[in-house]
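Some notes on the structure that comes next.
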Amino acid sequence: MDFIKKLKENTYLRNMLVFLSVLGPGIITGSVDNDAGGITTYSVAGAVYGYRLLWTLIPSFIALITVQEMNARMGIVTGKGLADLIRENFGVKTTFYIFTCLLIADIGNTATEFAGIAGSLMVFGVSKYISVPLAALAVWIIVLKGDYKTSERIFLLFSFCLLSYIISAVMANPDWGKIGVALVSPSMEWNPEYIGMVMGLVGTTIAPWMQFYIQSAVIEKRILVEDYKYVKWDVVLGGVATVVIAFFIVIACAATLHENGIVINEAKDAAVALKPLAGDFAGVLFAFGLFIASIFSATILPLACAFYVCEGFGFEAGIDKKFSEAPQFYILFSSIILIGVGVILLPNAPLIQITIWTQVLNAILLPVVLICMIVMVNNEKIMGEHTNSRSQNLVGVSTVAILVVMSILLLFMPLVKGLQGGQ
């Protein structure tokens, strides 16, 4: 009784305990954004352009925390997932078209994650025919046999393990003076390759599935409206985790691969190339980070996909539910994993093409999802007094406008390059 009395009297301690109780959705969603595709993008950016693209991480950070905050707020206020709200406010037909495209993109993204698992363990001499099935089984057990609290603790541990990239970067002895200049002095080159890489860096920070996952996650935790202020800090920490890890991946590759003129095609190549340049331990840590990020994302991506599809069409969904209570949810989750694994185990599977086209589809669909979000989060019938402020709308609308332009450029850049090549 004395402890409870002291706790009530100690505002700081009480606030800290409440914050720790709601911690999770923002950090997990932000951390998993650094998946195999993201790590590959950051690695190639550092290897090809050195430190010059670090400035893109600042607007990416602002866009990420703005969008994620909207999702968390909608989930807490309404108690409904983003998919539920889209179906109720935009109709079943619109929901069907959006989710069909998202499902295709997320199956491709899941396959890319298993490719990251295969590549990272190949650095240690493990065949993909061993690593991928075992990883898939581990992912399936985590979700099907655990509950939300257990799964969240595992995911938070995975997030912490991504800090290995910081060590890899420091061991590469980067030029901190050049890094500081690159952060505050944006540089642009008006050619398709450079613009395409800028779009890739900004676009890989925010993906459609992230918006559905974080909103479902805050609902699963049963977070109350009065605790919303703590969730905002969780979202900010998640954004910081995303950008910090991306920052150090770019630095690690810029300080070693770029300085030595080494070209890479995927994140696995970066881990291998780092060994003779920054030491075996740096290369091992880079491969370890790729493995953790890939298995982390291979869990969250199909989970988020199963969440929004089931929510969108009125099926029961949630890790805390038994298979008999949510069969569609678990069958869809398992099917996405099986398809992703099957694609990776195919001989000569076109993994690069799969990665590129799923990213293109994500970039095209993301503005559609964000427009739906902004319309709903400004609807007083849905949000009550918790609608967006003017500044939030300014950032949100600007983000949508930039993403629309990026999507158009992403679609037409190959055409422009082809026309230039034919002249």
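Going through the structure tokens in order, the chains are called A, B, and so on, while each chain numbers its residues from 1 and the ligands are numbered from 1 in the order shown.
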Set out as CSV a contact list for region 157-264 of chain A and region 312-328 of chain A with a cut-off of 10 Å, giving each residue of region 157-264 of chain A that qualifies its closest atom pair and distance in Å to one decimal, counting only C-alpha atoms, ordered by chain and rising residue number.
```
residue,atom,partner,partner_atom,distance
A:Ser216,CA,A:Gly318,CA,8.4
A:Ala217,CA,A:Gly318,CA,9.2
A:Ile219,CA,A:Gly318,CA,9.7
A:Glu220,CA,A:Gly318,CA,7.3
```
Grab the residues selected above and save them as a PDB file, in the first residue's frame with C-alpha atoms.
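Done, and the output landed in again-v6.pdb:
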```
ATOM      1  CA  SER A 216      -3.373  -1.951 -35.383  1.00  0.00           C
ATOM      2  CA  ALA A 217      -0.537  -2.144 -32.822  1.00  0.00           C
ATOM      3  CA  ILE A 219      -5.268  -0.972 -30.681  1.00  0.00           C
ATOM      4  CA  GLU A 220      -3.749  -4.320 -29.654  1.00  0.00           C
TER       5      GLU A 220
END
```
Find the residues of region 236-311 of chain A that sit at most 6 Å from region 329-352 of chain A; for each, write down the nearest two atoms and how far apart they are in Å, to one decimal. Count only C-alpha atoms. Sort by chain, then by number going up, and give it as CSV.
```
residue,atom,partner,partner_atom,distance
A:Pro302,CA,A:Phe333,CA,5.5
A:Leu303,CA,A:Phe333,CA,5.9
A:Ala306,CA,A:Phe333,CA,5.4
```
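Residues surrounding region 98-110 of chain A within 7 Å are Thr94, Phe114, Ala298, Leu301, Pro302, Cys305, Val309, Ile336, Gly340, Ile354, Thr355, Thr358, Leu361 and Asn362 of chain A [only C-alpha atoms; sequence separation below 4 positions excluded].
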**Complete:** Across A:Thr95, A:Thr29, A:Ser120, A:Ser127, the smallest distance to Asp269 (chain A), with only C-alpha atoms counted, is shown by A:Ser120
**Fill in**
note - CA of Val143 (chain A) and CA of Ile28 (chain A) are separated by 14.9 Å
**Item:** Spatial neighbours of Gly75 (chain A), max dist 12 Å, only C-alpha atoms, sep filter under 2 positions, as number ranges by chain
**Value:** A: 25, 68-73, 77-85, 211-225, 228, 231, 373, 376-377, 382-383, 386
**Selection: 8 Å around region 36-43 of chain A, only C-alpha atoms, excl. self and same-chain fewer than 2 positions, as an MDAnalysis selection string** = chainID A and resid 33:34 45:47 109 112:113 115:116 197 200:201 204:205 246 249:250 253 265:267 270 290 293:294 297 355
Convert the current residue selection to file output with N, CA and C atoms, as a PDB file, in the first residue's frame.
```
ATOM      1  N   ASP A  33      11.283  -0.585 -40.571  1.00  0.00           N
ATOM      2  CA  ASP A  33      11.392   0.117 -41.857  1.00  0.00           C
ATOM      3  C   ASP A  33      12.773  -0.069 -42.467  1.00  0.00           C
ATOM      4  N   ASN A  34      13.789  -0.301 -41.614  1.00  0.00           N
ATOM      5  CA  ASN A  34      15.133  -0.592 -42.118  1.00  0.00           C
ATOM      6  C   ASN A  34      15.233  -2.075 -42.441  1.00  0.00           C
ATOM      7  N   ALA A  45      23.514   3.744 -51.824  1.00  0.00           N
ATOM      8  CA  ALA A  45      23.644   5.207 -51.798  1.00  0.00           C
ATOM      9  C   ALA A  45      25.001   5.622 -51.236  1.00  0.00           C
ATOM     10  N   GLY A  46      25.417   4.989 -50.140  1.00  0.00           N
ATOM     11  CA  GLY A  46      26.716   5.315 -49.552  1.00  0.00           C
ATOM     12  C   GLY A  46      27.873   4.894 -50.431  1.00  0.00           C
ATOM     13  N   ALA A  47      27.758   3.717 -51.050  1.00  0.00           N
ATOM     14  CA  ALA A  47      28.837   3.207 -51.893  1.00  0.00           C
ATOM     15  C   ALA A  47      29.010   4.043 -53.156  1.00  0.00           C
ATOM     16  N   ASN A 109       7.553  -7.790 -51.129  1.00  0.00           N
ATOM     17  CA  ASN A 109       8.419  -7.285 -50.058  1.00  0.00           C
ATOM     18  C   ASN A 109       8.830  -8.394 -49.101  1.00  0.00           C
ATOM     19  N   THR A 112      11.534 -10.344 -50.559  1.00  0.00           N
ATOM     20  CA  THR A 112      12.785  -9.596 -50.445  1.00  0.00           C
ATOM     21  C   THR A 112      13.412  -9.769 -49.060  1.00  0.00           C
ATOM     22  N   GLU A 113      12.575  -9.821 -48.014  1.00  0.00           N
ATOM     23  CA  GLU A 113      13.100 -10.018 -46.660  1.00  0.00           C
ATOM     24  C   GLU A 113      13.776 -11.382 -46.519  1.00  0.00           C
ATOM     25  N   ALA A 115      15.100 -12.964 -48.906  1.00  0.00           N
ATOM     26  CA  ALA A 115      16.343 -12.844 -49.674  1.00  0.00           C
ATOM     27  C   ALA A 115      17.439 -12.238 -48.803  1.00  0.00           C
ATOM     28  N   GLY A 116      17.056 -11.271 -47.947  1.00  0.00           N
ATOM     29  CA  GLY A 116      18.023 -10.678 -47.022  1.00  0.00           C
ATOM     30  C   GLY A 116      18.524 -11.685 -45.999  1.00  0.00           C
ATOM     31  N   MET A 197      17.945   7.772 -56.972  1.00  0.00           N
ATOM     32  CA  MET A 197      18.457   7.370 -55.664  1.00  0.00           C
ATOM     33  C   MET A 197      17.871   8.235 -54.553  1.00  0.00           C
ATOM     34  N   GLY A 200      14.517   6.975 -53.936  1.00  0.00           N
ATOM     35  CA  GLY A 200      14.588   5.697 -53.244  1.00  0.00           C
ATOM     36  C   GLY A 200      14.833   5.866 -51.757  1.00  0.00           C
ATOM     37  N   LEU A 201      15.725   6.804 -51.403  1.00  0.00           N
ATOM     38  CA  LEU A 201      16.044   7.043 -49.994  1.00  0.00           C
ATOM     39  C   LEU A 201      14.851   7.615 -49.235  1.00  0.00           C
ATOM     40  N   THR A 204      11.874   4.880 -49.258  1.00  0.00           N
ATOM     41  CA  THR A 204      12.037   3.663 -48.455  1.00  0.00           C
ATOM     42  C   THR A 204      11.775   3.915 -46.970  1.00  0.00           C
ATOM     43  N   THR A 205      11.742   5.202 -46.573  1.00  0.00           N
ATOM     44  CA  THR A 205      11.501   5.538 -45.171  1.00  0.00           C
ATOM     45  C   THR A 205      10.037   5.344 -44.780  1.00  0.00           C
ATOM     46  N   ALA A 246      19.709   4.304 -40.571  1.00  0.00           N
ATOM     47  CA  ALA A 246      19.949   4.619 -41.985  1.00  0.00           C
ATOM     48  C   ALA A 246      21.200   5.480 -42.139  1.00  0.00           C
ATOM     49  N   ILE A 249      24.332   3.347 -41.714  1.00  0.00           N
ATOM     50  CA  ILE A 249      24.541   2.429 -42.842  1.00  0.00           C
ATOM     51  C   ILE A 249      25.180   3.181 -44.009  1.00  0.00           C
ATOM     52  N   VAL A 250      24.629   4.359 -44.308  1.00  0.00           N
ATOM     53  CA  VAL A 250      25.196   5.179 -45.391  1.00  0.00           C
ATOM     54  C   VAL A 250      26.647   5.523 -45.074  1.00  0.00           C
ATOM     55  N   CYS A 253      29.183   2.563 -45.490  1.00  0.00           N
ATOM     56  CA  CYS A 253      29.494   2.238 -46.894  1.00  0.00           C
ATOM     57  C   CYS A 253      30.212   3.390 -47.594  1.00  0.00           C
ATOM     58  N   ASN A 265      25.705  -4.473 -55.461  1.00  0.00           N
ATOM     59  CA  ASN A 265      24.355  -4.613 -55.987  1.00  0.00           C
ATOM     60  C   ASN A 265      23.323  -4.910 -54.914  1.00  0.00           C
ATOM     61  N   GLU A 266      23.770  -5.407 -53.759  1.00  0.00           N
ATOM     62  CA  GLU A 266      22.853  -5.714 -52.661  1.00  0.00           C
ATOM     63  C   GLU A 266      23.594  -5.583 -51.336  1.00  0.00           C
ATOM     64  N   ALA A 267      22.816  -5.594 -50.237  1.00  0.00           N
ATOM     65  CA  ALA A 267      23.391  -5.363 -48.912  1.00  0.00           C
ATOM     66  C   ALA A 267      24.425  -6.425 -48.540  1.00  0.00           C
ATOM     67  N   ALA A 270      27.855  -5.535 -49.438  1.00  0.00           N
ATOM     68  CA  ALA A 270      28.469  -4.542 -48.546  1.00  0.00           C
ATOM     69  C   ALA A 270      29.127  -5.220 -47.355  1.00  0.00           C
ATOM     70  N   LEU A 290      21.926  -7.099 -41.040  1.00  0.00           N
ATOM     71  CA  LEU A 290      21.070  -7.452 -42.180  1.00  0.00           C
ATOM     72  C   LEU A 290      20.175  -8.634 -41.835  1.00  0.00           C
ATOM     73  N   ALA A 293      17.476  -7.411 -39.304  1.00  0.00           N
ATOM     74  CA  ALA A 293      16.499  -6.559 -39.989  1.00  0.00           C
ATOM     75  C   ALA A 293      15.591  -7.378 -40.893  1.00  0.00           C
ATOM     76  N   SER A 294      16.161  -8.369 -41.578  1.00  0.00           N
ATOM     77  CA  SER A 294      15.386  -9.171 -42.527  1.00  0.00           C
ATOM     78  C   SER A 294      14.389 -10.080 -41.822  1.00  0.00           C
ATOM     79  N   SER A 297      11.614  -7.916 -40.329  1.00  0.00           N
ATOM     80  CA  SER A 297      10.659  -7.466 -41.337  1.00  0.00           C
ATOM     81  C   SER A 297       9.862  -8.622 -41.925  1.00  0.00           C
ATOM     82  N   THR A 355      12.248  -6.822 -56.184  1.00  0.00           N
ATOM     83  CA  THR A 355      12.460  -5.716 -55.255  1.00  0.00           C
ATOM     84  C   THR A 355      12.094  -4.381 -55.890  1.00  0.00           C
TER      85      THR A 355
END
```
Which residues are near Met171 (chain A)? Cut-off 12 Å, only C-alpha atoms, ignore same chain within fewer than 4 positions. Put them as a PDB file with N, CA and C atoms, in the first residue's frame.
```
ATOM      1  N   SER A 164      23.958  -2.518 -34.152  1.00  0.00           N
ATOM      2  CA  SER A 164      25.235  -3.038 -34.644  1.00  0.00           C
ATOM      3  C   SER A 164      25.766  -2.214 -35.815  1.00  0.00           C
ATOM      4  N   TYR A 165      24.856  -1.570 -36.564  1.00  0.00           N
ATOM      5  CA  TYR A 165      25.288  -0.745 -37.694  1.00  0.00           C
ATOM      6  C   TYR A 165      26.078   0.481 -37.229  1.00  0.00           C
ATOM      7  N   ILE A 166      25.776   0.967 -36.040  1.00  0.00           N
ATOM      8  CA  ILE A 166      26.518   2.110 -35.508  1.00  0.00           C
ATOM      9  C   ILE A 166      27.980   1.717 -35.284  1.00  0.00           C
ATOM     10  N   ILE A 167      28.180   0.530 -34.737  1.00  0.00           N
ATOM     11  CA  ILE A 167      29.543   0.049 -34.486  1.00  0.00           C
ATOM     12  C   ILE A 167      30.288  -0.136 -35.811  1.00  0.00           C
ATOM     13  N   ASP A 175      34.806  10.442 -42.136  1.00  0.00           N
ATOM     14  CA  ASP A 175      35.217  11.840 -42.054  1.00  0.00           C
ATOM     15  C   ASP A 175      34.028  12.641 -41.511  1.00  0.00           C
ATOM     16  N   PHE A 248      23.871   5.658 -40.220  1.00  0.00           N
ATOM     17  CA  PHE A 248      25.117   4.930 -40.010  1.00  0.00           C
ATOM     18  C   PHE A 248      25.378   3.876 -41.094  1.00  0.00           C
ATOM     19  N   ILE A 249      24.332   3.347 -41.714  1.00  0.00           N
ATOM     20  CA  ILE A 249      24.541   2.429 -42.842  1.00  0.00           C
ATOM     21  C   ILE A 249      25.180   3.181 -44.009  1.00  0.00           C
ATOM     22  N   ILE A 251      26.918   5.924 -43.823  1.00  0.00           N
ATOM     23  CA  ILE A 251      28.279   6.301 -43.420  1.00  0.00           C
ATOM     24  C   ILE A 251      29.241   5.118 -43.552  1.00  0.00           C
ATOM     25  N   ALA A 252      28.815   3.948 -43.072  1.00  0.00           N
ATOM     26  CA  ALA A 252      29.691   2.769 -43.131  1.00  0.00           C
ATOM     27  C   ALA A 252      30.121   2.474 -44.558  1.00  0.00           C
ATOM     28  N   CYS A 253      29.183   2.563 -45.490  1.00  0.00           N
ATOM     29  CA  CYS A 253      29.494   2.238 -46.894  1.00  0.00           C
ATOM     30  C   CYS A 253      30.212   3.390 -47.594  1.00  0.00           C
ATOM     31  N   ALA A 255      32.326   5.537 -46.151  1.00  0.00           N
ATOM     32  CA  ALA A 255      33.704   5.644 -45.647  1.00  0.00           C
ATOM     33  C   ALA A 255      34.603   4.523 -46.153  1.00  0.00           C
ATOM     34  N   THR A 256      34.014   3.444 -46.610  1.00  0.00           N
ATOM     35  CA  THR A 256      34.823   2.294 -47.050  1.00  0.00           C
ATOM     36  C   THR A 256      34.650   2.011 -48.538  1.00  0.00           C
ATOM     37  N   LEU A 274      33.136  -4.970 -46.669  1.00  0.00           N
ATOM     38  CA  LEU A 274      33.602  -4.250 -45.475  1.00  0.00           C
ATOM     39  C   LEU A 274      34.740  -4.971 -44.753  1.00  0.00           C
ATOM     40  N   LYS A 275      34.779  -6.303 -44.864  1.00  0.00           N
ATOM     41  CA  LYS A 275      35.755  -7.090 -44.084  1.00  0.00           C
ATOM     42  C   LYS A 275      37.202  -6.664 -44.331  1.00  0.00           C
ATOM     43  N   LEU A 277      38.229  -3.893 -45.551  1.00  0.00           N
ATOM     44  CA  LEU A 277      38.398  -2.448 -45.457  1.00  0.00           C
ATOM     45  C   LEU A 277      38.282  -1.923 -44.032  1.00  0.00           C
ATOM     46  N   ALA A 278      37.342  -2.468 -43.270  1.00  0.00           N
ATOM     47  CA  ALA A 278      37.120  -1.991 -41.900  1.00  0.00           C
ATOM     48  C   ALA A 278      37.359  -3.078 -40.863  1.00  0.00           C
ATOM     49  N   GLY A 279      37.774  -4.241 -41.317  1.00  0.00           N
ATOM     50  CA  GLY A 279      38.021  -5.341 -40.384  1.00  0.00           C
ATOM     51  C   GLY A 279      36.917  -6.386 -40.433  1.00  0.00           C
ATOM     52  N   ASP A 280      37.300  -7.633 -40.142  1.00  0.00           N
ATOM     53  CA  ASP A 280      36.331  -8.730 -40.181  1.00  0.00           C
ATOM     54  C   ASP A 280      35.132  -8.472 -39.268  1.00  0.00           C
ATOM     55  N   PHE A 281      35.393  -7.888 -38.093  1.00  0.00           N
ATOM     56  CA  PHE A 281      34.308  -7.686 -37.134  1.00  0.00           C
ATOM     57  C   PHE A 281      33.255  -6.728 -37.678  1.00  0.00           C
ATOM     58  N   ALA A 282      33.697  -5.685 -38.384  1.00  0.00           N
ATOM     59  CA  ALA A 282      32.752  -4.728 -38.973  1.00  0.00           C
ATOM     60  C   ALA A 282      31.879  -5.410 -40.012  1.00  0.00           C
ATOM     61  N   GLY A 283      32.501  -6.261 -40.845  1.00  0.00           N
ATOM     62  CA  GLY A 283      31.738  -6.990 -41.858  1.00  0.00           C
ATOM     63  C   GLY A 283      30.743  -7.954 -41.243  1.00  0.00           C
ATOM     64  N   VAL A 284      31.174  -8.636 -40.178  1.00  0.00           N
ATOM     65  CA  VAL A 284      30.287  -9.579 -39.476  1.00  0.00           C
ATOM     66  C   VAL A 284      29.112  -8.834 -38.849  1.00  0.00           C
ATOM     67  N   LEU A 285      29.375  -7.678 -38.230  1.00  0.00           N
ATOM     68  CA  LEU A 285      28.309  -6.896 -37.627  1.00  0.00           C
ATOM     69  C   LEU A 285      27.314  -6.411 -38.675  1.00  0.00           C
ATOM     70  N   PHE A 286      27.824  -6.026 -39.846  1.00  0.00           N
ATOM     71  CA  PHE A 286      26.951  -5.569 -40.919  1.00  0.00           C
ATOM     72  C   PHE A 286      26.040  -6.707 -41.378  1.00  0.00           C
TER      73      PHE A 286
END
```
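When only C-alpha atoms are used to compute distances to Thr399 (chain A), the closest of the residues A:Pro367, A:Met199, A:Phe412, A:Leu53 turns out to be A:Pro367.
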Using only C-alpha atoms, tabulate the residues of region 139-258 of chain A lying at most 9 Å from any atom of region 56-62 of chain A, each with its closest atom pair and that distance in Å to one decimal, by chain and increasing residue number, as a Markdown table.
```
| residue | atom | partner | partner_atom | distance |
| --- | --- | --- | --- | --- |
| A:Leu183 | CA | A:Ile58 | CA | 7.9 |
| A:Pro186 | CA | A:Thr56 | CA | 7.8 |
| A:Val198 | CA | A:Thr56 | CA | 7.0 |
| A:Leu201 | CA | A:Thr56 | CA | 7.0 |
| A:Val202 | CA | A:Ser60 | CA | 5.5 |
| A:Gly203 | CA | A:Ser60 | CA | 8.1 |
| A:Thr205 | CA | A:Ser60 | CA | 6.4 |
| A:Ile206 | CA | A:Ser60 | CA | 8.0 |
| A:Gly239 | CA | A:Phe61 | CA | 6.1 |
| A:Val240 | CA | A:Phe61 | CA | 7.3 |
| A:Thr242 | CA | A:Phe61 | CA | 8.1 |
| A:Val243 | CA | A:Leu57 | CA | 6.3 |
| A:Val244 | CA | A:Leu57 | CA | 8.9 |
| A:Ala246 | CA | A:Leu57 | CA | 7.9 |
| A:Phe247 | CA | A:Leu57 | CA | 7.4 |
```
**Between CA of Tyr308 (chain A) and CA of Ile364 (chain A) - distance in Å to one decimal** = 18.0 Å
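Using only C-alpha atoms, the shortest contact distance between Leu366 (chain A) and any of A:Ile245, A:Pro208, A:Leu394, A:Glu380 is found at A:Pro208.
You will find CA of Ala118 (chain A) at 28.3 Å from CA of Leu54 (chain A).
Considering the residues A:Gly238, A:Gly261, A:Gly384, A:Gly50 and counting only C-alpha atoms, Ala182 (chain A) has its shortest atom-to-atom contact with A:Gly50.
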